[in-house]
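Source file: final-v6.txt; contents: compact mmCIF, C-alpha atoms.
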```
# COMPACT_ATOMS: atom_id res chain seq x y z
CA MET A 1 -61.61 27.53 -18.83
CA PHE A 2 -59.23 28.92 -16.22
CA TYR A 3 -59.24 26.49 -13.28
CA LEU A 4 -57.23 26.87 -10.07
CA ARG A 5 -55.85 23.58 -8.75
CA LYS A 6 -54.83 24.45 -5.18
CA ALA A 7 -51.69 22.92 -3.70
CA GLU A 8 -53.51 21.62 -0.62
CA ASP A 9 -56.09 19.80 -2.76
CA ARG A 10 -53.47 17.55 -4.38
CA GLY A 11 -52.88 13.96 -3.35
CA HIS A 12 -50.22 13.48 -0.68
CA ALA A 13 -48.01 10.58 0.37
CA ASN A 14 -45.29 10.73 3.03
CA PHE A 15 -43.14 7.62 3.50
CA GLY A 16 -40.49 9.32 5.61
CA TRP A 17 -37.79 9.05 2.97
CA LEU A 18 -40.20 10.47 0.33
CA ASP A 19 -42.65 13.34 0.76
CA SER A 20 -44.68 13.62 -2.44
CA TRP A 21 -47.61 15.74 -3.63
CA HIS A 22 -49.56 14.50 -6.66
CA SER A 23 -51.32 16.92 -9.02
CA PHE A 24 -53.03 13.94 -10.70
CA SER A 25 -54.06 10.44 -9.61
CA PHE A 26 -50.96 8.44 -8.74
CA GLY A 27 -50.18 5.44 -6.55
CA GLN A 28 -52.74 5.17 -3.75
CA TYR A 29 -54.20 8.59 -4.57
CA HIS A 30 -57.13 8.32 -6.97
CA ASP A 31 -59.47 11.10 -8.04
CA PRO A 32 -61.50 10.46 -11.21
CA ASN A 33 -61.64 14.23 -11.79
CA PHE A 34 -57.85 14.46 -11.90
CA MET A 35 -56.54 11.61 -14.05
CA GLY A 36 -54.47 13.99 -16.17
CA PHE A 37 -54.95 16.99 -18.43
CA GLY A 38 -54.57 16.55 -22.17
CA PRO A 39 -51.42 14.43 -22.65
CA LEU A 40 -50.14 15.49 -19.21
CA ARG A 41 -50.49 12.50 -16.87
CA VAL A 42 -48.30 13.06 -13.77
CA ILE A 43 -46.78 15.99 -11.91
CA ASN A 44 -45.27 14.79 -8.66
CA ASP A 45 -43.64 17.33 -6.34
CA ASP A 46 -41.07 15.08 -4.65
CA ARG A 47 -38.73 15.64 -1.72
CA ILE A 48 -36.29 12.75 -1.24
CA ALA A 49 -34.27 12.36 1.95
CA GLY A 50 -30.51 11.95 1.84
CA GLY A 51 -29.37 8.45 0.85
CA ALA A 52 -32.88 7.40 -0.20
CA GLY A 53 -34.55 6.89 -3.54
CA PHE A 54 -36.39 4.68 -5.97
CA PRO A 55 -34.84 1.23 -6.64
CA MET A 56 -34.79 -0.22 -10.16
CA HIS A 57 -38.35 -0.36 -11.54
CA PRO A 58 -39.99 -0.50 -15.00
CA HIS A 59 -41.94 1.94 -17.17
CA ASP A 60 -43.33 1.75 -20.69
CA ASN A 61 -45.09 4.03 -23.18
CA MET A 62 -44.49 7.25 -21.28
CA GLU A 63 -42.38 10.39 -21.69
CA ILE A 64 -40.80 11.18 -18.30
CA VAL A 65 -39.14 14.51 -17.49
CA THR A 66 -37.38 15.30 -14.22
CA TYR A 67 -36.88 18.96 -13.27
CA MET A 68 -34.48 19.54 -10.39
CA LEU A 69 -35.19 22.30 -7.88
CA SER A 70 -32.47 21.55 -5.32
CA GLY A 71 -30.08 18.77 -4.32
CA ALA A 72 -29.04 15.95 -6.63
CA LEU A 73 -30.39 12.72 -8.11
CA ALA A 74 -28.26 9.77 -9.28
CA HIS A 75 -29.75 7.99 -12.30
CA LYS A 76 -29.10 4.49 -13.68
CA ASP A 77 -31.11 2.63 -16.30
CA SER A 78 -31.31 -0.53 -18.39
CA LEU A 79 -29.90 1.34 -21.40
CA GLY A 80 -26.59 1.72 -19.59
CA SER A 81 -27.09 5.42 -18.84
CA GLY A 82 -25.76 6.66 -15.53
CA SER A 83 -25.27 10.19 -14.24
CA THR A 84 -26.11 12.59 -11.43
CA ILE A 85 -28.39 15.53 -12.19
CA ARG A 86 -28.56 18.74 -10.17
CA ARG A 87 -30.21 22.14 -10.15
CA GLY A 88 -30.37 23.40 -13.74
CA ASP A 89 -30.43 19.91 -15.26
CA VAL A 90 -33.43 18.50 -17.11
CA GLN A 91 -33.66 14.74 -17.62
CA ARG A 92 -35.86 13.04 -20.23
CA MET A 93 -36.64 9.34 -20.64
CA THR A 94 -38.70 7.82 -23.41
CA ALA A 95 -39.94 4.60 -21.81
CA GLY A 96 -41.36 3.31 -25.09
CA THR A 97 -41.32 -0.48 -25.35
CA GLY A 98 -39.86 -0.69 -21.84
CA ILE A 99 -37.12 0.72 -19.65
CA ARG A 100 -35.96 0.08 -16.09
CA HIS A 101 -34.34 2.77 -13.98
CA SER A 102 -33.38 3.80 -10.46
CA GLU A 103 -33.16 7.29 -8.97
CA PHE A 104 -31.33 7.91 -5.68
CA ASN A 105 -30.31 10.95 -3.69
CA PRO A 106 -26.50 10.55 -3.52
CA SER A 107 -26.07 12.91 -0.57
CA ALA A 108 -26.05 11.46 2.93
CA ASP A 109 -27.64 14.50 4.54
CA GLU A 110 -28.94 16.95 1.91
CA GLY A 111 -32.49 16.50 0.65
CA ALA A 112 -33.41 16.56 -3.03
CA HIS A 113 -36.41 18.48 -4.38
CA LEU A 114 -37.73 17.85 -7.88
CA LEU A 115 -40.75 17.74 -10.11
CA GLN A 116 -41.32 14.41 -11.86
CA ILE A 117 -43.50 14.80 -14.95
CA TRP A 118 -45.10 12.08 -17.08
CA MET A 119 -46.62 12.75 -20.49
CA LEU A 120 -48.40 10.37 -22.84
CA PRO A 121 -46.36 9.89 -26.04
CA GLU A 122 -47.74 10.56 -29.51
CA ALA A 123 -47.35 6.85 -30.33
CA LYS A 124 -46.86 3.59 -28.45
CA GLY A 125 -43.95 1.22 -28.93
CA LEU A 126 -41.23 3.85 -29.36
CA GLU A 127 -37.59 2.93 -28.91
CA PRO A 128 -36.50 3.67 -25.33
CA SER A 129 -33.99 6.51 -24.95
CA TYR A 130 -32.43 8.82 -22.39
CA GLU A 131 -31.33 12.45 -22.55
CA GLU A 132 -30.25 15.12 -20.10
CA LYS A 133 -29.27 18.74 -20.60
CA ARG A 134 -28.04 21.58 -18.39
CA PHE A 135 -29.78 24.92 -18.71
CA ASP A 136 -28.05 28.10 -17.64
CA GLY A 137 -30.09 29.83 -14.94
CA ALA A 138 -29.78 33.11 -16.82
CA GLY A 139 -31.91 31.64 -19.61
CA ARG A 140 -35.05 31.52 -17.47
CA ALA A 141 -34.39 34.64 -15.36
CA GLY A 142 -37.28 36.98 -16.07
CA ARG A 143 -38.29 35.07 -19.19
CA LEU A 144 -39.87 31.83 -20.38
CA GLN A 145 -37.17 29.37 -21.46
CA LEU A 146 -38.14 26.35 -23.59
CA ILE A 147 -36.71 23.28 -21.84
CA ALA A 148 -38.59 20.40 -23.53
CA ALA A 149 -40.27 20.23 -26.93
CA LYS A 150 -40.93 17.95 -29.86
CA GLY A 151 -37.95 18.19 -32.18
CA ALA A 152 -35.72 19.70 -29.46
CA ARG A 153 -36.37 23.24 -30.67
CA GLU A 154 -34.25 26.07 -29.28
CA GLY A 155 -31.92 23.66 -27.52
CA ALA A 156 -34.64 21.94 -25.49
CA VAL A 157 -34.65 18.24 -24.69
CA HIS A 158 -36.75 16.24 -27.17
CA ILE A 159 -40.10 14.77 -26.16
CA ASN A 160 -42.27 12.58 -28.36
CA GLN A 161 -45.40 14.66 -27.99
CA ASP A 162 -46.72 18.02 -29.15
CA ILE A 163 -45.93 19.79 -25.87
CA ASP A 164 -43.82 22.87 -25.29
CA LEU A 165 -42.55 23.00 -21.71
CA TYR A 166 -41.19 26.32 -20.46
CA ALA A 167 -39.52 27.35 -17.19
CA ALA A 168 -39.25 30.85 -15.75
CA VAL A 169 -37.85 32.45 -12.60
CA LEU A 170 -39.51 35.74 -11.71
CA ASN A 171 -38.89 38.40 -9.07
CA PRO A 172 -41.35 41.06 -7.94
CA GLY A 173 -41.84 43.55 -10.77
CA GLU A 174 -40.98 40.99 -13.47
CA SER A 175 -43.59 39.47 -15.75
CA VAL A 176 -43.85 37.26 -18.83
CA THR A 177 -46.71 36.80 -21.30
CA HIS A 178 -47.38 33.69 -23.36
CA ALA A 179 -49.81 33.46 -26.30
CA PHE A 180 -51.55 30.15 -26.96
CA ARG A 181 -52.49 29.11 -30.47
CA PRO A 182 -56.19 28.31 -31.00
CA GLY A 183 -57.22 24.92 -29.63
CA ARG A 184 -54.22 24.49 -27.32
CA LEU A 185 -54.32 23.52 -23.65
CA GLY A 186 -52.20 25.12 -20.95
CA TRP A 187 -51.05 24.10 -17.49
CA LEU A 188 -49.11 26.41 -15.19
CA GLN A 189 -47.34 24.79 -12.22
CA VAL A 190 -45.85 26.93 -9.46
CA ALA A 191 -42.71 25.18 -8.25
CA LEU A 192 -41.32 27.79 -5.84
CA GLY A 193 -42.47 31.12 -4.49
CA HIS A 194 -45.51 33.23 -5.28
CA VAL A 195 -46.77 34.55 -8.62
CA SER A 196 -49.98 35.84 -10.14
CA ALA A 197 -51.45 34.47 -13.38
CA ASN A 198 -53.90 36.72 -15.22
CA GLY A 199 -54.55 38.35 -11.85
CA THR A 200 -55.01 35.12 -9.85
CA GLU A 201 -52.61 34.91 -6.89
CA LEU A 202 -50.75 31.59 -6.66
CA LYS A 203 -48.58 30.03 -3.97
CA PRO A 204 -46.07 27.12 -4.16
CA GLY A 205 -47.74 23.96 -5.50
CA ASP A 206 -50.72 25.78 -6.98
CA ALA A 207 -51.54 25.23 -10.66
CA ILE A 208 -53.83 26.63 -13.34
CA ALA A 209 -55.49 24.44 -15.99
CA MET A 210 -56.39 26.36 -19.14
CA ALA A 211 -58.45 25.81 -22.27
CA GLU A 212 -59.53 28.46 -24.78
CA VAL A 213 -57.21 30.98 -23.12
CA GLU A 214 -55.56 33.32 -25.61
CA THR A 215 -52.78 34.78 -23.44
CA LEU A 216 -51.33 34.19 -20.00
CA THR A 217 -49.43 36.85 -18.08
CA ILE A 218 -47.38 35.63 -15.11
CA GLU A 219 -46.08 38.18 -12.60
CA GLY A 220 -43.51 37.57 -9.86
CA ARG A 221 -44.74 38.12 -6.32
CA SER A 222 -41.72 36.89 -4.34
CA LYS A 223 -37.98 36.57 -4.84
CA ASP A 224 -36.98 33.83 -7.31
CA ALA A 225 -40.48 32.48 -7.84
CA GLU A 226 -40.25 29.55 -10.27
CA VAL A 227 -42.91 28.19 -12.62
CA LEU A 228 -43.33 25.59 -15.34
CA LEU A 229 -45.72 26.28 -18.23
CA PHE A 230 -47.05 23.54 -20.52
CA ASP A 231 -48.46 24.51 -23.94
CA MET A 232 -50.10 21.31 -25.22
CA VAL A 233 -52.14 19.67 -27.89
CA ARG A 234 -55.58 18.56 -26.75
```
Starting from the file, give its structure as structure tokens.
Amino acid sequence: MFYLRKAEDRGHANFGWLDSWHSFSFGQYHDPNFMGFGPLRVINDDRIAGGAGFPMHPHDNMEIVTYMLSGALAHKDSLGSGSTIRRGDVQRMTAGTGIRHSEFNPSADEGAHLLQIWMLPEAKGLEPSYEEKRFDGAGRAGRLQLIAAKGAREGAVHINQDIDLYAAVLNPGESVTHAFRPGRLGWLQVALGHVSANGTELKPGDAIAMAEVETLTIEGRSKDAEVLLFDMVR
């Protein structure tokens, strides 16, 4: 299977302070054909206006990763964690038995752009925890950089699921190839710019769902095109 999920076919919600596109069913958007993919449950492409954000609210039994594309996001949670993440930072929360958090854009006038990702954990009732890590932009320039993985391999943030999450920034003429082990699922999300994936042209917000695909070659089609690639257990 090699399925193109077009950007314009995603769910959309615009509250003024938040403009959000949903790859999978979320909030008031419900599509029984897009409830998730493997353990991947949410990919929200969020733009948050200056001074706005999400007040304190609860989660449980979910692995939540935030990937910043531009601007900043101020985080506080019931564990006592508090920091501001920016471009290059990756934030991970294990909601486990329960966690409350808030996320606000600390700038008065600059918008924040991010991908919020939810993944089902390998077990319920885990101890809640928080982690963030800064990744040098050179690490994903023209290559796939592992940013989240079980066991925190290669300096990635740890997630409690058998998922390898990679990021890459590609320019025209640059390409990367990823080999999937037998039985794995793949999801490619275009965050910024244009790329091709095994010859399929993709624009910002487009995605490819993959099963029984041996290799994926991603080629840059515009300056600083940025993608996330999930290599997942079924």
Exercise for the section: Could you give me, as a VMD selection string, the residues within 10 Å of Leu120 in chain A, counting all atoms listed in the file and dropping anything in the same chain fewer than 5 positions from it? Expected result: chain A and resid 36 38 to 42 61 to 64 159 to 161
Handout entry: Residues near Gly71 in chain A, cut-off 12 Å, all atoms listed in the file, skip fewer than 2 positions along chain, as a ChimeraX atom specification
Key = /A:46-51,67-69,73-74,84-89,104-114
At most 8 Å is the cut-off: for each residue in range 146-189 of chain A with any atom that close to an atom of range 193-215 of chain A, write down the nearest atom pair and the distance in Å rounded to one decimal, counting all atoms listed in the file, chain first then increasing number, as CSV.
```
residue,atom,partner,partner_atom,distance
A:Leu170,CA,A:Val195,CA,8.0
A:Thr177,CA,A:Thr215,CA,6.7
A:His178,CA,A:Thr215,CA,5.5
A:Ala179,CA,A:Thr215,CA,4.3
A:Phe180,CA,A:Glu214,CA,5.3
A:Arg181,CA,A:Glu214,CA,7.1
A:Pro182,CA,A:Glu212,CA,7.1
A:Gly183,CA,A:Glu212,CA,6.4
A:Arg184,CA,A:Ala211,CA,6.7
A:Leu185,CA,A:Ala211,CA,4.9
A:Gly186,CA,A:Met210,CA,4.7
A:Trp187,CA,A:Ala209,CA,4.7
A:Leu188,CA,A:Ile208,CA,5.1
A:Gln189,CA,A:Ala207,CA,4.5
```
Write the selection just made, keeping C-alpha atoms, as a PDB file, in the frame of the given file?
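Everything below was put into out-v1.pdb:
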```
ATOM      1  CA  LEU A 170     -39.510  35.740 -11.710  1.00  0.00           C
ATOM      2  CA  THR A 177     -46.710  36.800 -21.300  1.00  0.00           C
ATOM      3  CA  HIS A 178     -47.380  33.690 -23.360  1.00  0.00           C
ATOM      4  CA  ALA A 179     -49.810  33.460 -26.300  1.00  0.00           C
ATOM      5  CA  PHE A 180     -51.550  30.150 -26.960  1.00  0.00           C
ATOM      6  CA  ARG A 181     -52.490  29.110 -30.470  1.00  0.00           C
ATOM      7  CA  PRO A 182     -56.190  28.310 -31.000  1.00  0.00           C
ATOM      8  CA  GLY A 183     -57.220  24.920 -29.630  1.00  0.00           C
ATOM      9  CA  ARG A 184     -54.220  24.490 -27.320  1.00  0.00           C
ATOM     10  CA  LEU A 185     -54.320  23.520 -23.650  1.00  0.00           C
ATOM     11  CA  GLY A 186     -52.200  25.120 -20.950  1.00  0.00           C
ATOM     12  CA  TRP A 187     -51.050  24.100 -17.490  1.00  0.00           C
ATOM     13  CA  LEU A 188     -49.110  26.410 -15.190  1.00  0.00           C
ATOM     14  CA  GLN A 189     -47.340  24.790 -12.220  1.00  0.00           C
TER      15      GLN A 189
END
```
Handout entry: Computed interatomic separation between CA of Glu131 in chain A and CA of Ala149 in chain A (Å)
Key =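 Separation of CA of Glu131 in chain A and CA of Ala149 in chain A: 12.6 Å.
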Practice task
May I have the residues within 9 Å of Leu144 in chain A as an MDAnalysis selection string, using all atoms listed in the file and disregarding those fewer than 2 positions away in the same chain?
Solution key: chainID A and resid 139:142 146 166:169 176:178 228:229
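Using all atoms listed in the file for every distance, the candidate list A:Gly82, A:Gly137, A:Pro172, A:Gly11 yields A:Gly82 as the residue closest to Glu103 in chain A.
The interatomic distance for the pair CA of Ser23 in chain A and CA of Trp118 in chain A works out to 11.3 Å.
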